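Colleague: Data file work-v1.txt (compact mmCIF, C-alpha atoms) is appended below.
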```txt
# COMPACT_ATOMS: atom_id res chain seq x y z
CA MET A 19 -23.38 -10.50 15.29
CA LEU A 20 -26.09 -9.04 17.59
CA LEU A 21 -24.57 -10.74 20.65
CA ASN A 22 -21.15 -9.37 19.76
CA SER A 23 -22.44 -5.80 19.46
CA TRP A 24 -24.26 -6.25 22.79
CA THR A 25 -21.22 -7.42 24.77
CA SER A 26 -18.32 -5.75 22.94
CA TRP A 27 -16.68 -2.49 23.93
CA PRO A 28 -16.84 0.55 21.67
CA LEU A 29 -13.86 0.91 19.34
CA ARG A 30 -10.71 2.31 20.90
CA GLU A 31 -10.81 5.05 18.29
CA SER A 32 -14.30 5.95 19.59
CA LEU A 33 -13.09 6.21 23.20
CA SER A 34 -9.96 8.23 22.35
CA ARG A 35 -9.38 11.56 20.70
CA GLU A 36 -8.18 10.04 17.43
CA GLY A 37 -9.79 11.63 14.42
CA MET A 38 -11.30 14.44 16.47
CA THR A 39 -10.80 17.91 15.01
CA GLY A 40 -9.04 20.60 16.99
CA ALA A 41 -12.15 22.78 17.15
CA ARG A 42 -14.24 19.91 18.51
CA MET A 43 -11.65 19.12 21.18
CA TRP A 44 -11.52 22.72 22.34
CA ILE A 45 -15.32 22.92 22.47
CA ARG A 46 -15.47 19.78 24.64
CA ARG A 47 -12.82 21.17 26.96
CA ALA A 48 -14.55 24.54 27.21
CA VAL A 49 -17.88 22.90 28.05
CA ARG A 50 -16.29 20.78 30.77
CA VAL A 51 -14.49 23.78 32.29
CA VAL A 52 -17.68 25.85 32.29
CA VAL A 53 -19.76 23.05 33.82
CA VAL A 54 -17.20 22.30 36.55
CA ALA A 55 -16.76 26.01 37.34
CA ALA A 56 -20.51 26.56 37.53
CA LEU A 57 -21.01 23.56 39.80
CA MET A 58 -18.23 24.63 42.13
CA TRP A 59 -19.63 28.14 42.25
CA THR A 60 -23.18 27.03 42.99
CA THR A 61 -21.94 24.55 45.58
CA LEU A 62 -19.33 26.58 47.39
CA ALA A 63 -20.81 30.06 47.06
CA GLY A 64 -24.12 29.03 48.57
CA ARG A 65 -24.94 28.78 52.25
CA ALA A 66 -25.28 25.01 52.35
CA PHE A 67 -21.67 24.55 53.51
CA THR A 68 -19.70 26.52 56.08
CA GLY A 69 -16.43 25.98 57.86
CA TRP A 70 -15.11 22.47 57.56
CA GLY A 71 -18.12 21.48 55.51
CA LEU A 72 -17.05 23.94 52.83
CA ALA A 73 -13.61 22.36 52.67
CA VAL A 74 -15.10 18.86 52.49
CA ALA A 75 -17.47 19.95 49.72
CA GLY A 76 -14.59 21.47 47.75
CA ALA A 77 -12.53 18.32 48.19
CA GLY A 78 -15.53 16.26 47.08
CA MET A 79 -15.90 18.31 43.90
CA VAL A 80 -12.22 17.93 43.09
CA GLY A 81 -12.36 14.21 43.84
CA THR A 82 -15.39 13.84 41.56
CA VAL A 83 -13.56 15.53 38.68
CA LEU A 84 -10.54 13.27 39.21
CA ALA A 85 -12.81 10.20 39.39
CA PHE A 86 -14.35 11.14 36.05
CA ARG A 87 -10.91 11.48 34.47
CA ALA A 88 -9.98 8.07 35.87
CA LEU A 89 -13.20 6.60 34.47
CA TYR A 90 -12.29 7.92 31.00
CA ARG A 91 -8.83 6.36 31.20
CA ILE A 92 -10.03 3.01 32.54
CA THR A 93 -12.75 2.68 29.91
CA LEU A 94 -10.15 3.51 27.26
CA ALA A 95 -8.10 0.59 28.62
CA ARG A 96 -11.29 -1.57 28.47
CA ARG A 97 -11.16 -2.69 32.09
CA LEU A 98 -14.73 -3.60 32.98
CA TRP A 99 -14.81 -4.16 36.73
CA PRO A 100 -12.70 -1.10 37.64
CA SER A 101 -15.01 0.94 35.37
CA ILE A 102 -18.10 -0.38 37.18
CA GLY A 103 -16.43 0.34 40.53
CA LEU A 104 -15.68 3.95 39.60
CA PHE A 105 -19.21 4.36 38.26
CA ALA A 106 -20.62 3.13 41.59
CA LEU A 107 -18.29 5.53 43.44
CA LEU A 108 -19.54 8.46 41.38
CA GLU A 109 -23.15 7.43 42.03
CA ALA A 110 -22.41 7.33 45.74
CA ALA A 111 -20.86 10.81 45.49
CA ALA A 112 -24.03 12.07 43.82
CA PHE A 113 -26.15 10.67 46.69
CA GLY A 114 -23.74 12.30 49.14
CA PHE A 115 -24.15 15.70 47.48
CA ASP A 116 -27.93 15.27 47.52
CA LEU A 117 -28.03 14.33 51.19
CA ALA A 118 -25.78 17.33 52.01
CA GLY A 119 -28.22 19.66 50.30
CA ALA A 120 -26.20 20.28 47.12
CA ARG A 121 -28.98 19.27 44.77
CA VAL A 122 -27.57 20.79 41.54
CA PRO A 123 -24.20 18.95 41.65
CA ALA A 124 -26.02 15.69 42.44
CA ILE A 125 -28.39 16.07 39.47
CA VAL A 126 -25.57 16.99 37.10
CA LEU A 127 -23.46 14.07 38.36
CA TRP A 128 -26.31 11.58 37.84
CA CYS A 129 -26.95 12.85 34.32
CA ALA A 130 -23.23 12.89 33.43
CA CYS A 131 -22.80 9.33 34.73
CA ALA A 132 -25.75 8.13 32.67
CA ILE A 133 -24.44 9.68 29.45
CA THR A 134 -20.85 8.56 30.07
CA ALA A 135 -21.92 4.98 30.77
CA MET A 136 -23.98 4.88 27.59
CA GLU A 137 -21.10 6.29 25.54
CA ARG A 138 -18.12 4.33 26.86
CA LEU A 139 -19.27 0.95 28.26
CA PRO A 140 -20.50 -2.22 26.52
CA LEU A 141 -24.25 -2.05 25.95
CA SER A 142 -24.88 -5.00 28.28
CA VAL A 143 -23.36 -2.92 31.11
CA ALA A 144 -24.14 0.58 29.85
CA LEU A 145 -27.93 0.10 29.86
CA PRO A 146 -28.20 -1.02 33.53
CA CYS A 147 -25.73 1.64 34.70
CA SER A 148 -27.45 4.39 32.74
CA ALA A 149 -30.85 3.22 33.94
CA ALA A 150 -29.63 3.25 37.58
CA ALA A 151 -28.25 6.80 37.23
CA LEU A 152 -31.36 8.14 35.51
CA GLY A 153 -33.59 6.28 37.98
CA ALA A 154 -31.80 7.95 40.88
CA TYR A 155 -32.20 11.31 39.18
CA ALA A 156 -35.91 10.74 38.59
CA ALA A 157 -36.46 9.55 42.16
CA MET A 158 -34.66 12.49 43.77
CA ASN A 159 -35.98 15.17 41.41
CA ASN A 160 -38.71 17.31 42.93
CA GLY A 161 -40.07 18.57 39.59
CA GLY A 162 -43.25 17.42 37.92
CA TRP A 163 -43.42 13.86 36.65
CA VAL A 164 -43.93 14.99 33.05
CA ALA A 165 -40.80 17.14 33.02
CA THR A 166 -38.84 14.47 34.87
CA THR A 167 -39.92 11.75 32.44
CA ALA A 168 -39.13 13.93 29.41
CA THR A 169 -35.72 14.82 30.83
CA THR A 170 -34.93 11.19 31.62
CA VAL A 171 -35.90 9.95 28.17
CA GLY A 172 -34.04 12.85 26.55
CA LEU A 173 -30.86 12.10 28.49
CA ALA A 174 -31.07 8.40 27.55
CA LEU A 175 -31.48 9.27 23.88
CA ALA A 176 -28.68 11.85 24.10
CA GLY A 177 -26.32 9.26 25.54
CA TYR A 178 -27.17 6.77 22.80
CA VAL A 179 -26.76 9.42 20.08
CA ILE A 180 -23.38 10.38 21.51
CA ARG A 181 -22.42 6.70 21.47
CA LEU A 182 -23.46 6.36 17.81
CA ASP A 183 -21.54 9.53 16.91
CA ALA A 184 -18.41 8.25 18.68
CA GLU A 185 -18.70 4.87 16.94
CA ALA A 186 -19.09 6.56 13.56
CA ARG A 187 -16.00 8.65 14.24
CA GLY A 188 -14.11 5.55 15.41
CA ASN A 189 -15.11 3.59 12.30
CA ALA A 190 -14.07 6.49 10.08
CA GLN A 191 -10.72 6.73 11.84
CA ARG A 192 -10.15 2.97 11.57
CA LEU A 193 -11.03 3.00 7.86
CA LEU A 194 -8.65 5.93 7.38
CA VAL A 195 -5.83 4.01 9.08
CA GLN A 196 -6.57 0.93 6.98
CA GLU A 197 -6.65 3.01 3.82
CA ARG A 198 -3.29 4.58 4.65
CA ALA A 199 -1.85 1.14 5.37
CA ALA A 200 -3.23 -0.14 2.06
CA HIS A 201 -1.72 2.82 0.20
CA LYS A 202 1.61 2.22 1.92
CA ALA A 203 1.52 -1.50 1.07
CA GLU A 204 0.56 -0.65 -2.50
CA ALA A 205 3.45 1.80 -2.78
CA GLU A 206 5.87 -0.78 -1.36
CA SER A 207 4.53 -3.43 -3.75
CA ALA A 208 4.89 -1.03 -6.67
CA ALA A 209 8.45 -0.24 -5.60
CA LEU A 210 9.32 -3.95 -5.38
CA THR A 211 7.73 -4.56 -8.77
CA GLU A 212 9.71 -1.68 -10.23
CA ARG A 213 12.94 -3.04 -8.75
CA GLY A 214 12.14 -6.47 -10.15
CA ARG A 215 11.56 -5.02 -13.59
CA ILE A 216 14.78 -3.05 -13.47
CA ALA A 217 16.71 -6.08 -12.26
CA ARG A 218 15.21 -8.24 -15.02
CA GLU A 219 16.02 -5.67 -17.70
CA ILE A 220 19.60 -5.24 -16.55
CA HIS A 221 19.99 -9.01 -16.27
CA ASP A 222 18.77 -9.54 -19.84
CA VAL A 223 20.92 -6.76 -21.26
CA LEU A 224 24.10 -7.84 -19.49
CA ALA A 225 23.49 -11.53 -20.17
CA HIS A 226 23.02 -10.81 -23.85
CA SER A 227 26.15 -8.66 -23.98
CA LEU A 228 28.31 -11.03 -21.94
CA SER A 229 27.28 -14.09 -23.93
CA ALA A 230 28.26 -12.37 -27.17
CA GLN A 231 31.57 -11.24 -25.65
CA LEU A 232 32.21 -14.78 -24.47
CA VAL A 233 31.97 -16.07 -28.02
CA HIS A 234 34.60 -13.60 -29.24
CA LEU A 235 36.86 -14.12 -26.23
CA GLU A 236 36.71 -17.88 -26.75
CA ALA A 237 37.71 -17.35 -30.38
CA VAL A 238 40.62 -15.18 -29.22
CA ARG A 239 41.68 -17.84 -26.73
CA LEU A 240 41.63 -20.56 -29.34
CA LEU A 241 43.49 -18.35 -31.80
CA ILE A 242 46.22 -17.59 -29.26
CA GLN A 243 46.43 -21.23 -28.17
CA HIS A 244 46.71 -22.74 -31.63
CA SER A 245 48.35 -19.96 -33.62
CA ALA A 246 51.91 -20.60 -34.77
CA ASP A 247 52.56 -16.95 -35.53
CA LEU A 248 50.74 -14.47 -33.32
CA GLU A 249 52.19 -11.54 -35.25
CA ALA A 250 50.58 -12.81 -38.42
CA ASP A 251 47.24 -13.16 -36.61
CA ARG A 252 47.55 -9.78 -34.93
CA ASP A 253 44.87 -8.13 -37.05
CA GLN A 254 42.39 -10.91 -36.39
CA LEU A 255 43.07 -10.77 -32.63
CA LEU A 256 42.65 -7.00 -32.64
CA GLU A 257 39.36 -7.34 -34.51
CA ARG A 258 38.02 -9.79 -31.92
CA VAL A 259 39.10 -7.64 -28.97
CA THR A 260 37.61 -4.55 -30.62
CA ALA A 261 34.36 -6.43 -31.12
CA CYS A 262 34.33 -7.38 -27.42
CA ARG A 263 34.94 -3.75 -26.48
CA GLY A 264 32.08 -2.66 -28.71
CA MET A 265 29.77 -5.25 -27.17
CA ALA A 266 30.67 -4.09 -23.67
CA ARG A 267 29.81 -0.53 -24.72
CA GLU A 268 26.54 -1.76 -26.22
CA GLY A 269 25.76 -3.56 -22.96
CA LEU A 270 26.21 -0.35 -20.99
CA GLU A 271 24.12 1.56 -23.49
CA GLY A 272 21.48 -1.15 -23.32
CA THR A 273 21.40 -0.87 -19.53
CA ARG A 274 20.93 2.89 -19.74
CA GLU A 275 18.26 2.34 -22.37
CA ALA A 276 16.43 -0.13 -20.11
CA LEU A 277 16.45 2.33 -17.22
CA SER A 278 15.27 5.14 -19.50
CA ALA A 279 12.52 2.91 -20.87
CA LEU A 280 11.31 2.08 -17.38
CA ARG A 281 11.12 5.81 -16.69
CA GLY A 282 9.07 6.31 -19.84
CA GLU A 283 11.93 7.94 -21.75
CA MET A 284 12.36 5.83 -24.88
CA VAL A 285 11.89 6.11 -28.60
CA PRO A 286 8.86 4.42 -30.20
CA VAL A 287 9.14 0.69 -30.85
CA GLU A 288 8.82 1.20 -34.60
CA ASP A 289 11.76 3.62 -34.72
CA PHE A 290 13.89 1.29 -32.61
CA LEU A 291 13.16 -1.67 -34.90
CA SER A 292 13.90 0.46 -37.98
CA ARG A 293 17.37 1.24 -36.69
CA LEU A 294 17.96 -2.33 -35.51
CA THR A 295 16.92 -3.99 -38.77
CA ALA A 296 18.88 -1.46 -40.82
CA ALA A 297 22.02 -2.25 -38.82
CA GLU A 298 21.49 -6.01 -39.20
CA GLY A 299 20.45 -5.91 -42.87
CA ALA A 300 16.94 -7.25 -42.18
CA GLN A 301 13.62 -6.23 -43.67
CA LEU A 302 10.97 -4.57 -41.49
CA LYS A 303 7.23 -4.57 -42.12
CA VAL A 304 4.72 -2.78 -39.90
CA THR A 305 1.00 -3.59 -39.92
CA GLY A 306 -1.87 -2.06 -38.01
CA GLU A 307 -2.32 1.47 -36.73
CA ALA A 308 0.85 2.67 -35.04
CA ARG A 309 0.41 3.85 -31.44
CA ALA A 310 2.30 4.14 -28.19
CA VAL A 311 2.61 0.92 -26.18
CA SER A 312 3.34 0.37 -22.51
CA ALA A 313 6.93 0.39 -21.28
CA GLU A 314 6.79 -3.33 -20.42
CA ALA A 315 5.43 -4.32 -23.83
CA GLY A 316 7.89 -2.05 -25.64
CA LEU A 317 10.84 -3.51 -23.76
CA ALA A 318 9.65 -7.04 -24.46
CA VAL A 319 9.47 -6.33 -28.21
CA ARG A 320 12.92 -4.72 -28.16
CA ARG A 321 14.60 -7.54 -26.23
CA VAL A 322 13.00 -10.31 -28.30
CA ALA A 323 14.00 -8.60 -31.54
CA GLN A 324 17.59 -8.16 -30.33
CA GLU A 325 17.82 -11.74 -29.08
CA ALA A 326 16.30 -13.21 -32.24
CA LEU A 327 18.64 -11.27 -34.55
CA THR A 328 21.65 -12.17 -32.42
CA ASN A 329 20.69 -15.84 -32.56
CA VAL A 330 20.41 -15.62 -36.35
CA CYS A 331 23.95 -14.30 -36.53
CA LYS A 332 25.21 -17.03 -34.20
CA HIS A 333 23.30 -20.04 -35.53
CA ALA A 334 22.28 -19.13 -39.11
CA PRO A 335 24.91 -16.77 -40.56
CA GLY A 336 24.06 -15.41 -43.99
CA ALA A 337 20.30 -15.99 -43.54
CA ARG A 338 17.66 -13.65 -44.95
CA VAL A 339 15.80 -12.07 -42.04
CA SER A 340 12.39 -10.42 -42.06
CA VAL A 341 10.85 -8.66 -39.07
CA ARG A 342 7.12 -7.89 -38.83
CA LEU A 343 5.61 -5.62 -36.19
CA GLU A 344 1.84 -5.87 -35.80
CA TYR A 345 -0.31 -3.45 -33.81
CA GLY A 346 -3.39 -5.37 -32.64
CA THR A 347 -6.53 -4.09 -30.93
CA GLY A 348 -5.27 -4.61 -27.38
CA ASP A 349 -1.84 -6.12 -27.96
CA VAL A 350 1.28 -5.90 -30.07
CA GLY A 351 2.94 -8.73 -32.01
CA LEU A 352 6.43 -9.34 -33.33
CA GLU A 353 7.59 -11.97 -35.79
CA VAL A 354 11.24 -12.56 -36.69
CA ARG A 355 11.77 -15.08 -39.51
CA ASP A 356 15.05 -16.22 -41.07
CA SER A 357 15.70 -18.56 -43.99
CA GLY A 358 18.60 -19.70 -46.17
CA GLY A 359 21.27 -19.57 -43.48
CA ARG A 360 24.26 -21.85 -43.21
CA GLY A 361 23.19 -23.28 -39.86
CA LYS A 362 20.82 -26.13 -39.13
CA PRO A 363 17.14 -25.13 -38.88
CA GLY A 364 16.60 -27.03 -35.62
CA GLU A 365 19.81 -25.96 -33.94
CA LEU A 366 18.36 -22.79 -32.45
CA ALA A 367 15.32 -24.59 -31.13
CA LYS A 368 17.52 -26.94 -29.12
CA SER A 369 19.69 -24.18 -27.74
CA GLY A 370 18.72 -22.22 -24.65
CA SER A 371 21.02 -20.85 -22.02
CA GLY A 372 18.33 -19.61 -19.67
CA TYR A 373 18.70 -15.99 -20.68
CA GLY A 374 18.09 -16.29 -24.43
CA LEU A 375 14.74 -17.23 -25.90
CA PRO A 376 13.73 -19.09 -22.69
CA GLY A 377 14.26 -15.86 -20.80
CA MET A 378 12.24 -13.98 -23.40
CA ARG A 379 9.44 -16.52 -23.08
CA GLU A 380 9.40 -16.01 -19.32
CA ARG A 381 9.25 -12.25 -19.84
CA ALA A 382 6.27 -12.62 -22.18
CA GLU A 383 4.42 -14.88 -19.74
CA LEU A 384 4.96 -12.41 -16.89
CA LEU A 385 3.22 -9.80 -19.04
CA GLY A 386 0.37 -12.14 -19.84
CA GLY A 387 1.58 -12.80 -23.40
CA THR A 388 3.08 -15.66 -25.36
CA LEU A 389 6.31 -16.39 -27.21
CA GLU A 390 6.63 -19.23 -29.73
CA SER A 391 9.78 -20.27 -31.51
CA GLY A 392 10.77 -23.17 -33.73
CA PRO A 393 11.91 -24.33 -37.19
CA ASP A 394 9.91 -23.07 -40.12
CA GLY A 395 10.76 -24.66 -43.45
CA ASP A 396 14.45 -24.05 -44.07
CA GLY A 397 14.72 -21.41 -41.37
CA PHE A 398 13.51 -20.39 -37.95
CA VAL A 399 10.70 -18.17 -36.68
CA VAL A 400 10.09 -16.36 -33.39
CA ARG A 401 6.60 -15.02 -32.62
CA LEU A 402 5.82 -12.73 -29.69
CA ARG A 403 2.47 -11.31 -28.66
CA VAL A 404 1.96 -9.28 -25.48
CA PRO A 405 -0.76 -6.95 -24.18
CA ALA A 406 -0.04 -3.36 -25.10
```
I'd like the structure from this file rewritten - as structure tokens, please.

Modeller:
Amino acid sequence: MLLNSWTSWPLRESLSREGMTGARMWIRRAVRVVVVAALMWTTLAGRAFTGWGLAVAGAGMVGTVLAFRALYRITLARRLWPSIGLFALLEAAAFGFDLAGARVPAIVLWCACAITAMERLPLSVALPCSAAALGAYAAMNNGGWVATTATTVGLALAGYVIRLDAEARGNAQRLLVQERAAHKAEAESAALTERGRIAREIHDVLAHSLSAQLVHLEAVRLLIQHSADLEADRDQLLERVTACRGMAREGLEGTREALSALRGEMVPVEDFLSRLTAAEGAQLKVTGEARAVSAEAGLAVRRVAQEALTNVCKHAPGARVSVRLEYGTGDVGLEVRDSGGRGKPGELAKSGSGYGLPGMRERAELLGGTLESGPDGDGFVVRLRVPA
């Protein structure tokens, strides 16, 4: 880990302007403009350069500014040897200014190179480059050794602090990008989960409705095929077709109900079961403290109750049916029990089309619950328990 931090480049977010506030960017630009303007003024307005020398000095200042911009771009691209080459060129320019008598631009260039190297290069390269720039500054500075040493140490610390600040900003920007990506992935996952729930609900509703319609349509087909007098059986045919029409309407209503339930717009489970058992002539018993349950748990209870009562009508006509809804501490339970029907007690246990009780069992398992079904004495019982 230490070797990696010693040889690795700073984060791209640290070397770029990503995450930098507008005020901070304008302050950096203003400081650069002021420094460059002051250096050009002190260099060109003095008497050190005249004639062609003044033009060469001006061109050198412009070239130095362009070289610094190129150094920023190359370090952003993480190209090591071109960065070292530009750094050496800037150091040579500083020596050239010093030899030409422009001491202030040379000192500023040495200090700027030291800080830039510390901020934007890998530490294994930044330390030697910064040390070379500060060493040149200390060697060429005519001030006292105490002030020179203090300035050199201060510039080294300033460069390292700027590097730490840039790395902190880069880490914050990277974490922000990762957090946004995580939120986006979470939103996409939630949308896919929601679509899966909607598809499963519509599948169960339509499968339930179509299977019931198929029974009536098959009866109509057999009646038409084997009837000697269709006119005499007209009322029975009309009754079957009307029943199919009603089941198709119920399927559409069930689909709308599923969509409304997934949006949180549904009546309480207890009220739904009251209406359902009253329509089917079953008894309802509620135990525990009534409360609101989640949309998934409520839909599971509704679908299991509908499927169980439909199966009673299909496989045990005339049976006595009792429905019990139990509110547990962290879950909700449903029990549908029938007895005394004309069908065989084990017939329902053997049946399973993939979208009846097997489909309900799969729904319960997806919610982290359980569904048990099987013969019970002279009848059949279905037990559901899911987290609420």

Colleague: Env of A:Gly114: 12 Å cut, atoms = all atoms listed in the file, seq-sep filter 3 positions within chain, self excluded. Answer as a ChimeraX atom specification.

Modeller: /A:74-75,78-79,82,107-111,117-121,123-125,127-128

Colleague: Fewer than 5 positions away in the same chain doesn't count, so skip those; otherwise give me all residues within 7 Å of stretch 316-330 of chain A, counting only C-alpha atoms, as an mmCIF file with C-alpha atoms, in the coordinates of the input.

Modeller:
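Listing of around_30.cif after writing:
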```cif
data_model
loop_
_atom_site.group_PDB
_atom_site.id
_atom_site.type_symbol
_atom_site.label_atom_id
_atom_site.label_comp_id
_atom_site.auth_asym_id
_atom_site.auth_seq_id
_atom_site.Cartn_x
_atom_site.Cartn_y
_atom_site.Cartn_z
ATOM 1 C CA VAL A 287 9.140 0.690 -30.850
ATOM 2 C CA VAL A 311 2.610 0.920 -26.180
ATOM 3 C CA PRO A 335 24.910 -16.770 -40.560
ATOM 4 C CA LEU A 352 6.430 -9.340 -33.330
ATOM 5 C CA VAL A 354 11.240 -12.560 -36.690
ATOM 6 C CA GLY A 374 18.090 -16.290 -24.430
ATOM 7 C CA MET A 378 12.240 -13.980 -23.400
ATOM 8 C CA ARG A 381 9.250 -12.250 -19.840
ATOM 9 C CA ALA A 382 6.270 -12.620 -22.180
#
```

Colleague: Find the spatial neighbours of A:Ser148, counting only C-alpha atoms, within a cut-off of 6 Å - ignore same-chain residues fewer than 4 positions away - and output them as a short mmCIF file (atom, residue, chain, number, x, y, z; two decimals) with C-alpha atoms, in the frame of the given file.

Modeller:
```cif
data_model
loop_
_atom_site.label_atom_id
_atom_site.label_comp_id
_atom_site.auth_asym_id
_atom_site.auth_seq_id
_atom_site.Cartn_x
_atom_site.Cartn_y
_atom_site.Cartn_z
CA ALA A 132 -25.75 8.13 32.67
CA ALA A 135 -21.92 4.98 30.77
CA ALA A 144 -24.14 0.58 29.85
#
```

Colleague: With all atoms listed in the file as the atoms that count, which of A:Arg30, A:Arg187, A:Arg401, A:Arg379 lies nearest to A:Leu139?

Modeller: A:Arg30

Colleague: Tell me which of A:Ile133, A:Leu224, A:Val122, A:Ala190 sits closest to A:Thr170, counting all atoms listed in the file.

Modeller: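 Of A:Ile133, A:Leu224, A:Val122, A:Ala190, the one nearest A:Thr170, counting all atoms listed in the file, is A:Ile133.
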
Colleague: Work out how far atom CA of A:His234 is from atom CA of A:Cys262, in Å to one decimal.

Modeller: 6.5 Å

Colleague: Given the choices A:Gln231, A:Thr93, A:Gln254, A:Ser391, which gets closest to A:Pro140 if the distance is worked out from all atoms listed in the file?

Modeller: A:Thr93

Colleague: Using all atoms listed in the file, can you tell me which of A:Asp356, A:Glu268, A:Ala165, A:Arg91 comes closest to A:Asp396?

Modeller: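 That would be A:Asp356, the residue with the smallest distance to A:Asp396.
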
Colleague: Within 6 Å of (6.3, -16.4, -34.9), in the coordinates the file gives, what residues turn up when you count only C-alpha atoms, written out as a list in words?

Modeller: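 Output of the proximity query reads Glu353, Glu390, Val399, Val400 and Arg401 of chain A.
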
Colleague: Give the answer as one residue: which of A:Ala200, A:Leu210, A:Leu152, A:Ala112 has the shortest atom-to-atom distance to A:Thr167, using only C-alpha atoms?

Modeller: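 Closest to A:Thr167, using only C-alpha atoms: A:Leu152.
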
Colleague: Figure out the distance between atom CA of A:Arg96 and atom CA of A:Ala199, please, to one decimal in Å.

Modeller: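 If I compute the distance from atom CA of A:Ala199 to atom CA of A:Arg96, I get 25.1 Å.
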
Colleague: What is the distance, in Å and to one decimal place, between atom CA of A:Val285 and atom CA of A:Leu343?

Modeller: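 Going from atom CA of A:Val285 over to atom CA of A:Leu343 covers 15.3 Å.
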
Colleague: Can you tell me which residues surround A:Leu241 at a distance of at most 9 Å, considering all atoms listed in the file, apart from same-chain residues fewer than 4 positions away, and format the answer as a compact mmCIF listing (two decimals) with C-alpha atoms, in the coordinates of the input?

Modeller:
```txt
# COMPACT_ATOMS: atom_id res chain seq x y z
CA GLU A 236 36.71 -17.88 -26.75
CA ALA A 237 37.71 -17.35 -30.38
CA SER A 245 48.35 -19.96 -33.62
CA LEU A 248 50.74 -14.47 -33.32
CA ASP A 251 47.24 -13.16 -36.61
CA GLN A 254 42.39 -10.91 -36.39
CA LEU A 255 43.07 -10.77 -32.63
```

Colleague: Can you work out which one of A:Ala225, A:Ala150, A:Ala77, A:Leu84 has the shortest atom-to-atom distance to A:Gly377, counting only C-alpha atoms?

Modeller: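 Smallest distance to A:Gly377 is found for A:Ala225.
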